[in-house]
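Q: Below is the file work-v7.cif, with mmCIF, C-alpha atoms.
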```
data_model
#
loop_
_atom_site.label_atom_id
_atom_site.label_comp_id
_atom_site.auth_asym_id
_atom_site.auth_seq_id
_atom_site.Cartn_x
_atom_site.Cartn_y
_atom_site.Cartn_z
CA MET A 2 0.00 0.00 0.00
CA SER A 3 1.18 3.53 -0.63
CA GLU A 4 -1.45 6.11 0.30
CA GLN A 5 -0.49 9.74 -0.26
CA LEU A 6 -1.44 11.96 2.71
CA PRO A 7 -2.75 15.50 2.18
CA PRO A 8 0.24 17.90 2.07
CA GLN A 9 0.46 20.40 4.95
CA THR A 10 1.79 23.90 4.29
CA PHE A 11 3.29 26.04 7.06
CA ARG A 12 4.30 29.70 6.84
CA VAL A 13 7.51 30.49 8.71
CA THR A 14 8.53 34.05 9.62
CA ARG A 15 11.33 35.58 11.67
CA ALA A 16 8.86 36.02 14.53
CA ASP A 17 8.33 32.24 14.58
CA LEU A 18 12.09 31.67 14.92
CA ILE A 19 12.38 34.16 17.78
CA ARG A 20 9.46 32.52 19.57
CA TYR A 21 10.95 29.06 19.01
CA ALA A 22 14.37 30.19 20.25
CA GLY A 23 12.80 31.38 23.49
CA ALA A 24 10.60 28.33 23.98
CA SER A 25 13.31 25.77 23.15
CA GLY A 26 16.34 27.48 24.65
CA ASP A 27 18.23 27.25 21.33
CA PHE A 28 19.73 30.74 20.94
CA ASN A 29 22.25 29.84 18.22
CA THR A 30 22.97 33.17 16.47
CA ILE A 31 22.44 31.78 12.92
CA HIS A 32 18.72 31.65 13.76
CA TRP A 33 18.37 35.38 14.48
CA SER A 34 21.37 37.36 13.17
CA ASP A 35 21.85 37.89 9.41
CA ARG A 36 25.31 39.27 10.21
CA ILE A 37 26.45 36.03 11.88
CA ALA A 38 24.57 33.76 9.45
CA THR A 39 26.18 35.32 6.36
CA SER A 40 29.61 35.30 8.04
CA VAL A 41 29.46 31.48 8.16
CA GLY A 42 28.39 31.17 4.52
CA LEU A 43 24.61 30.95 4.89
CA PRO A 44 22.30 33.06 2.71
CA GLY A 45 20.94 34.67 5.88
CA VAL A 46 19.03 33.63 9.00
CA ILE A 47 17.87 30.00 8.79
CA ALA A 48 15.19 28.17 10.74
CA HIS A 49 16.16 25.84 13.59
CA GLY A 50 16.21 22.31 12.16
CA MET A 51 14.19 21.28 15.20
CA PHE A 52 11.55 23.91 14.34
CA THR A 53 11.14 22.39 10.86
CA MET A 54 11.01 18.94 12.48
CA ALA A 55 8.28 20.24 14.81
CA LEU A 56 6.24 21.31 11.77
CA GLY A 57 6.60 17.73 10.53
CA GLY A 58 5.30 16.63 13.94
CA ARG A 59 2.25 18.85 13.45
CA ALA A 60 1.62 17.24 10.07
CA LEU A 61 1.80 13.78 11.70
CA ALA A 62 -0.68 14.83 14.39
CA GLU A 63 -2.99 16.22 11.72
CA TRP A 64 -2.83 13.02 9.64
CA ALA A 65 -3.33 10.88 12.75
CA GLY A 66 -6.17 13.01 14.06
CA ALA A 67 -4.49 12.99 17.51
CA PRO A 68 -1.82 15.16 19.16
CA ASP A 69 -0.28 12.21 21.03
CA ALA A 70 -0.02 9.83 18.07
CA VAL A 71 3.73 9.82 17.46
CA VAL A 72 5.46 6.62 18.60
CA GLU A 73 8.64 7.07 16.54
CA TYR A 74 9.81 10.02 14.48
CA GLY A 75 13.15 10.59 12.77
CA VAL A 76 14.48 12.92 10.06
CA ARG A 77 17.63 14.04 8.29
CA PHE A 78 18.23 17.79 7.96
CA SER A 79 19.24 17.82 4.30
CA ARG A 80 19.23 21.58 3.64
CA PRO A 81 18.79 24.79 5.64
CA VAL A 82 15.49 26.71 5.53
CA PRO A 83 16.34 30.38 4.85
CA VAL A 84 13.78 32.73 6.41
CA PRO A 85 13.85 36.23 4.88
CA ASP A 86 13.05 39.26 7.04
CA THR A 87 9.71 39.92 5.33
CA ASP A 88 6.08 39.76 6.42
CA GLU A 89 5.64 36.65 4.25
CA GLY A 90 8.78 34.84 5.44
CA THR A 91 8.85 31.48 3.70
CA GLU A 92 6.79 28.31 3.35
CA VAL A 93 7.53 24.74 4.37
CA VAL A 94 5.46 21.97 2.77
CA VAL A 95 5.28 18.59 4.50
CA THR A 96 4.21 15.56 2.48
CA GLY A 97 3.72 12.00 3.65
CA VAL A 98 3.09 8.54 2.29
CA VAL A 99 1.64 5.65 4.26
CA LYS A 100 4.03 2.70 3.91
CA GLU A 101 2.28 0.05 5.97
CA VAL A 102 -0.02 -0.68 8.88
CA THR A 103 1.86 -2.93 11.29
CA ASP A 104 0.45 -6.07 12.91
CA ASP A 105 -0.09 -4.12 16.14
CA GLY A 106 -2.10 -1.43 14.34
CA LEU A 107 0.55 1.29 14.01
CA THR A 108 0.89 3.26 10.77
CA ARG A 109 4.33 3.65 9.20
CA ILE A 110 4.77 6.93 7.29
CA ASP A 111 7.57 8.30 5.12
CA LEU A 112 7.71 12.08 5.45
CA THR A 113 9.42 14.81 3.43
CA ALA A 114 9.55 18.58 3.93
CA THR A 115 10.40 21.02 1.16
CA CYS A 116 11.08 24.75 1.00
CA ASN A 117 11.27 26.55 -2.36
CA GLY A 118 10.95 23.14 -4.01
CA GLU A 119 14.04 21.70 -2.31
CA LYS A 120 14.08 18.94 0.29
CA VAL A 121 14.83 20.30 3.76
CA LEU A 122 13.83 17.16 5.68
CA SER A 123 14.71 13.87 4.01
CA LEU A 124 14.59 10.25 5.15
CA GLY A 125 11.69 11.24 7.40
CA LYS A 126 10.23 8.14 9.04
CA ALA A 127 7.45 7.97 11.57
CA LEU A 128 5.31 5.43 13.33
CA ILE A 129 1.99 6.73 14.54
CA ARG A 130 -0.90 5.37 16.57
CA LYS A 131 -4.23 6.61 15.29
CA ARG A 132 -6.77 7.26 18.05
CA MET B 97 41.14 17.41 14.39
CA PRO B 98 39.15 14.16 14.33
CA LEU B 99 36.89 13.32 17.26
CA ASP B 100 38.31 11.06 19.95
CA PRO B 101 37.03 7.56 19.02
CA SER B 102 37.47 6.35 22.60
CA PHE B 103 34.20 8.20 23.41
CA VAL B 104 32.19 5.52 21.55
CA GLY B 105 30.23 3.38 23.99
CA ARG B 106 30.81 5.75 26.90
CA SER B 107 27.86 6.69 29.12
CA TRP B 108 27.58 9.54 31.59
CA PRO B 109 25.89 9.73 35.00
CA ALA B 110 22.20 10.67 34.93
CA THR B 111 21.55 14.41 34.69
CA PRO B 112 19.77 16.26 37.52
CA PRO B 113 15.97 15.94 37.21
CA TYR B 114 14.19 18.30 34.79
CA GLN B 115 10.75 19.32 36.08
CA VAL B 116 8.33 19.45 33.14
CA GLY B 117 6.03 22.41 33.76
CA ARG B 118 2.55 22.96 32.35
CA GLU B 119 3.39 26.49 31.22
CA LYS B 120 6.60 25.29 29.48
CA ILE B 121 4.59 22.76 27.49
CA ARG B 122 2.04 25.44 26.58
CA GLU B 123 4.83 27.85 25.59
CA PHE B 124 6.57 25.22 23.43
CA ALA B 125 3.30 24.10 21.83
CA THR B 126 2.43 27.71 21.02
CA ALA B 127 5.89 28.28 19.53
CA VAL B 128 5.51 25.37 17.11
CA GLY B 129 1.85 26.17 16.37
CA ALA B 130 0.48 23.03 18.02
CA THR B 131 -3.02 24.16 18.94
CA ALA B 132 -4.65 20.86 20.00
CA ALA B 133 -6.42 21.23 23.34
CA GLU B 134 -4.42 18.35 24.89
CA HIS B 135 -1.28 20.54 24.78
CA HIS B 136 -2.95 23.47 26.56
CA ASP B 137 -5.95 22.37 28.59
CA PRO B 138 -5.46 19.90 31.49
CA GLU B 139 -9.13 18.86 31.29
CA ALA B 140 -8.77 17.90 27.62
CA ALA B 141 -5.54 16.03 28.45
CA ARG B 142 -7.28 14.14 31.28
CA ALA B 143 -10.15 13.23 28.94
CA ALA B 144 -7.51 11.68 26.65
CA GLY B 145 -6.13 9.64 29.55
CA TYR B 146 -3.20 11.78 30.70
CA PRO B 147 -2.58 13.30 34.15
CA ASP B 148 -1.84 16.78 32.71
CA VAL B 149 -1.09 18.60 29.44
CA VAL B 150 0.81 16.57 26.81
CA ALA B 151 4.00 17.81 25.11
CA PRO B 152 4.35 17.89 21.30
CA PRO B 153 6.59 15.11 19.95
CA THR B 154 9.79 17.15 19.55
CA PHE B 155 9.56 18.75 23.02
CA PRO B 156 12.14 16.40 24.61
CA VAL B 157 14.89 18.17 22.66
CA VAL B 158 14.52 21.05 25.13
CA ILE B 159 15.78 18.67 27.80
CA THR B 160 18.19 16.54 25.78
CA MET B 161 19.97 19.44 24.07
CA ALA B 162 20.95 20.84 27.45
CA ALA B 163 21.80 17.36 28.77
CA SER B 164 24.07 16.55 25.82
CA ARG B 165 26.44 19.35 26.82
CA GLN B 166 27.86 16.69 29.16
CA ILE B 167 29.36 15.10 26.03
CA ILE B 168 29.85 17.79 23.42
CA ALA B 169 31.37 20.38 25.76
CA ASP B 170 34.06 17.93 26.96
CA PRO B 171 37.32 19.32 25.51
CA ALA B 172 38.71 15.77 25.30
CA LEU B 173 36.12 14.93 22.59
CA GLY B 174 37.62 17.60 20.33
CA LEU B 175 34.36 18.99 18.90
CA ASP B 176 34.57 22.52 17.46
CA TYR B 177 31.00 23.69 17.94
CA SER B 178 31.39 26.59 15.49
CA ARG B 179 31.66 23.99 12.68
CA VAL B 180 28.79 21.79 13.87
CA VAL B 181 25.51 21.33 12.03
CA HIS B 182 22.60 19.11 13.00
CA GLY B 183 22.54 16.00 10.80
CA ASP B 184 19.81 13.63 11.97
CA GLN B 185 17.34 13.49 14.82
CA ARG B 186 15.12 10.66 16.02
CA PHE B 187 12.69 10.03 18.88
CA ALA B 188 11.28 6.67 20.02
CA TYR B 189 8.54 6.99 22.61
CA ALA B 190 7.36 4.72 25.40
CA ARG B 191 4.77 7.43 26.16
CA PRO B 192 4.39 11.19 25.58
CA VAL B 193 5.98 13.66 28.02
CA VAL B 194 3.37 15.23 30.31
CA ALA B 195 3.43 18.15 32.71
CA GLY B 196 4.50 17.00 36.16
CA ASP B 197 7.12 14.58 34.84
CA SER B 198 10.49 14.74 36.58
CA LEU B 199 12.88 13.50 33.90
CA VAL B 200 16.50 12.40 34.00
CA CYS B 201 18.77 11.80 30.98
CA VAL B 202 21.46 9.19 30.52
CA ASN B 203 23.73 10.03 27.58
CA THR B 204 25.72 7.52 25.56
CA VAL B 205 27.90 8.00 22.47
CA ASP B 206 26.62 5.43 19.94
CA GLU B 207 28.92 6.17 17.01
CA ILE B 208 31.78 8.37 15.79
CA THR B 209 32.72 8.24 12.10
CA SER B 210 34.58 10.31 9.50
CA ARG B 211 33.72 10.65 5.83
CA GLY B 212 34.75 13.11 3.16
CA GLY B 213 36.65 15.27 5.63
CA HIS B 214 33.62 15.58 7.93
CA ASP B 215 33.22 14.02 11.37
CA PHE B 216 29.96 12.54 12.64
CA ILE B 217 28.90 11.80 16.22
CA THR B 218 25.66 10.08 17.20
CA THR B 219 24.51 10.47 20.77
CA ARG B 220 21.69 8.49 22.40
CA THR B 221 19.83 9.92 25.36
CA GLU B 222 17.59 7.66 27.43
CA VAL B 223 14.99 9.89 29.06
CA SER B 224 13.16 8.36 32.02
CA THR B 225 11.33 9.48 35.11
CA GLU B 226 13.24 9.79 38.36
CA ALA B 227 11.42 6.61 39.42
CA GLY B 228 12.96 4.79 36.44
CA GLU B 229 10.01 4.62 34.02
CA PRO B 230 11.31 4.88 30.42
CA VAL B 231 9.68 7.78 28.50
CA VAL B 232 11.59 8.43 25.29
CA THR B 233 14.89 7.60 23.62
CA VAL B 234 16.44 10.44 21.62
CA TRP B 235 19.18 10.05 18.99
CA SER B 236 21.02 13.05 17.63
CA LYS B 237 23.66 13.02 14.91
CA LEU B 238 25.93 16.06 14.72
CA VAL B 239 28.19 16.83 11.78
CA GLN B 240 31.46 18.66 12.29
CA ARG B 241 32.26 20.13 8.89
CA GLY B 242 35.82 19.82 7.63
CA GLU B 243 38.07 22.85 8.01
CA GLY B 244 38.45 24.87 4.82
#
```
Kindly present the structure from the file in structure tokens form.
A:
Amino acid sequence: MSEQLPPQTFRVTRADLIRYAGASGDFNTIHWSDRIATSVGLPGVIAHGMFTMALGGRALAEWAGAPDAVVEYGVRFSRPVPVPDTDEGTEVVVTGVVKEVTDDGLTRIDLTATCNGEKVLSLGKALIRKR
Amino acid sequence: MPLDPSFVGRSWPATPPYQVGREKIREFATAVGATAAEHHDPEAARAAGYPDVVAPPTFPVVITMAASRQIIADPALGLDYSRVVHGDQRFAYARPVVAGDSLVCVNTVDEITSRGGHDFITTRTEVSTEAGEPVVTVWSKLVQRGEG
């Protein structure tokens, strides 16, 4: 079986990164200072990888219909997500495919996130328990 | 400088307990846009079978990132944090984290490798309650980019 799940689109702005920095305790300067980000070869401020992963977690919860569905969840951070200092920011799109339903009723999903058409989360794998 | 391979297989003493607060879960859930009532409203969480509000799935990184400083800040490991990027991340849950949990972390280095001039370190953090109930296992792979 290989059921395509409805893609989930998330807008990401600088304000989201500031809020995530505060909530997570990750104050790495590349997530809030263009000056530092460009000095290390990035196009500008980038999103926390863990913020993008959290958006993937929201997509899983949405597909499962439950906020406590995630049993396993892993990703690779394949590319940074640049977040311009504009009102629009950028957009992350999370797509998923159901790979199997296990004998104990869990659903195995392959997940991908893209930004500007490029993969930012690859090898995303999750196991969810639908309520 | 490559990472010290003798760190592979090493474990560290459990970290001091982290008290998971209801407001911290609400703050984190709000920051990632997780609006489900179970993250914010204790009544809704109780109706779903939990003692208090439930954390979103990536919340444990708040605890494990701080706990992993035990390993990555050890000068003997030889990690230059200014060249580090996050490679992979994985969570395997026994149950979700809920407000009121008092959680301790035991860190282990699972793997250190080198490829194409880059160094890779995979840490595993076993997160359990102070009473010893397993909650979640968290793997994190960091990449130290080659110099120049």
Q: Could you name the residues that touch B:Ile159 at 9 Å or less, counting only C-alpha atoms, but leaving out those on the same chain fewer than 2 positions away, as a compact mmCIF listing (two decimals) with C-alpha atoms, keeping the file's coordinate frame?
A:
```txt
# COMPACT_ATOMS: atom_id res chain seq x y z
CA SER A 25 13.31 25.77 23.15
CA TYR B 114 14.19 18.30 34.79
CA PHE B 155 9.56 18.75 23.02
CA PRO B 156 12.14 16.40 24.61
CA VAL B 157 14.89 18.17 22.66
CA MET B 161 19.97 19.44 24.07
CA ALA B 162 20.95 20.84 27.45
CA ALA B 163 21.80 17.36 28.77
CA SER B 164 24.07 16.55 25.82
CA LEU B 199 12.88 13.50 33.90
CA VAL B 200 16.50 12.40 34.00
CA CYS B 201 18.77 11.80 30.98
CA VAL B 223 14.99 9.89 29.06
```
Q: Give me the residues of stretch 157-228 of chain B that have any atom at most 10 Å from an atom of stretch 48-61 of chain A; for each, the nearest atom pair and the distance in Å, rounded to one decimal. Use only C-alpha atoms, sort by chain and number, and format it as a Markdown table.
A:
```
| residue | atom | partner | partner_atom | distance |
| --- | --- | --- | --- | --- |
| B:Val157 | CA | A:Met51 | CA | 8.1 |
| B:Val158 | CA | A:Met51 | CA | 9.9 |
| B:Val181 | CA | A:Gly50 | CA | 9.4 |
| B:His182 | CA | A:Gly50 | CA | 7.2 |
| B:Gly183 | CA | A:Gly50 | CA | 9.0 |
| B:Asp184 | CA | A:Gly50 | CA | 9.4 |
| B:Gln185 | CA | A:Met51 | CA | 8.4 |
| B:Arg186 | CA | A:Met54 | CA | 9.9 |
```
Q: Evaluated on this file, the PyMOL selection byres ((chain B and resi 110) around 9) picks out some residues - which ones are they, written as a short mmCIF file (atom, residue, chain, number, x, y, z; two decimals) with C-alpha atoms, in the frame of the given file?
A:
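So the final result, stored in expr-v4.cif, reads:
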```cif
data_model
loop_
_atom_site.label_atom_id
_atom_site.label_comp_id
_atom_site.auth_asym_id
_atom_site.auth_seq_id
_atom_site.Cartn_x
_atom_site.Cartn_y
_atom_site.Cartn_z
CA TRP B 108 27.58 9.54 31.59
CA PRO B 109 25.89 9.73 35.00
CA THR B 111 21.55 14.41 34.69
CA PRO B 112 19.77 16.26 37.52
CA PRO B 113 15.97 15.94 37.21
CA VAL B 200 16.50 12.40 34.00
CA CYS B 201 18.77 11.80 30.98
CA VAL B 202 21.46 9.19 30.52
CA ASN B 203 23.73 10.03 27.58
#
```
Q: Give me, as number ranges by chain, all polymer residues having an atom no more than 8 Å from stretch 21-24 of chain A, counting all atoms listed in the file and skipping those fewer than 3 positions away in the same chain.
A: A: 17-18, 27-28, 32, 52; B: 120, 123-124, 127-128
Q: Measuring between all atoms listed in the file, which one of A:Val76, A:Val121, A:Val95, A:Cys116 shows the shortest distance to chain B?
A: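 Among the listed residues, A:Val76 lies closest to chain B.
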Q: Extract, using only C-alpha atoms, all DNA, RNA and protein residues at most 10 Å from B:His136, discarding same-chain residues fewer than 4 positions from it, and format them as an mmCIF file with C-alpha atoms, in the coordinates of the input.
A:
```cif
data_model
loop_
_atom_site.group_PDB
_atom_site.id
_atom_site.type_symbol
_atom_site.label_atom_id
_atom_site.label_comp_id
_atom_site.auth_asym_id
_atom_site.auth_seq_id
_atom_site.Cartn_x
_atom_site.Cartn_y
_atom_site.Cartn_z
ATOM 1 C CA ARG B 118 2.550 22.960 32.350
ATOM 2 C CA GLU B 119 3.390 26.490 31.220
ATOM 3 C CA ILE B 121 4.590 22.760 27.490
ATOM 4 C CA ARG B 122 2.040 25.440 26.580
ATOM 5 C CA GLU B 123 4.830 27.850 25.590
ATOM 6 C CA ALA B 125 3.300 24.100 21.830
ATOM 7 C CA THR B 126 2.430 27.710 21.020
ATOM 8 C CA ALA B 130 0.480 23.030 18.020
ATOM 9 C CA THR B 131 -3.020 24.160 18.940
ATOM 10 C CA ALA B 132 -4.650 20.860 20.000
ATOM 11 C CA ALA B 140 -8.770 17.900 27.620
ATOM 12 C CA ALA B 141 -5.540 16.030 28.450
ATOM 13 C CA ASP B 148 -1.840 16.780 32.710
ATOM 14 C CA VAL B 149 -1.090 18.600 29.440
ATOM 15 C CA VAL B 150 0.810 16.570 26.810
ATOM 16 C CA ALA B 151 4.000 17.810 25.110
#
```
Q: Decode the PyMOL selection byres ((chain B and resi 234) around 9) for the given file into explicit residues and return them as a PyMOL selection string.
A: chain B and resi 156-157+160+185-189+219-223+232-233+235-236
Q: Assuming the chain letters and numbering stay as they are in my file, what does the PyMOL selection byres ((chain A and resi 98-113) around 9) actually select? List them as a VMD selection string.
A: chain A and resid 2 to 6 57 61 65 72 76 94 to 97 114 to 115 120 to 131
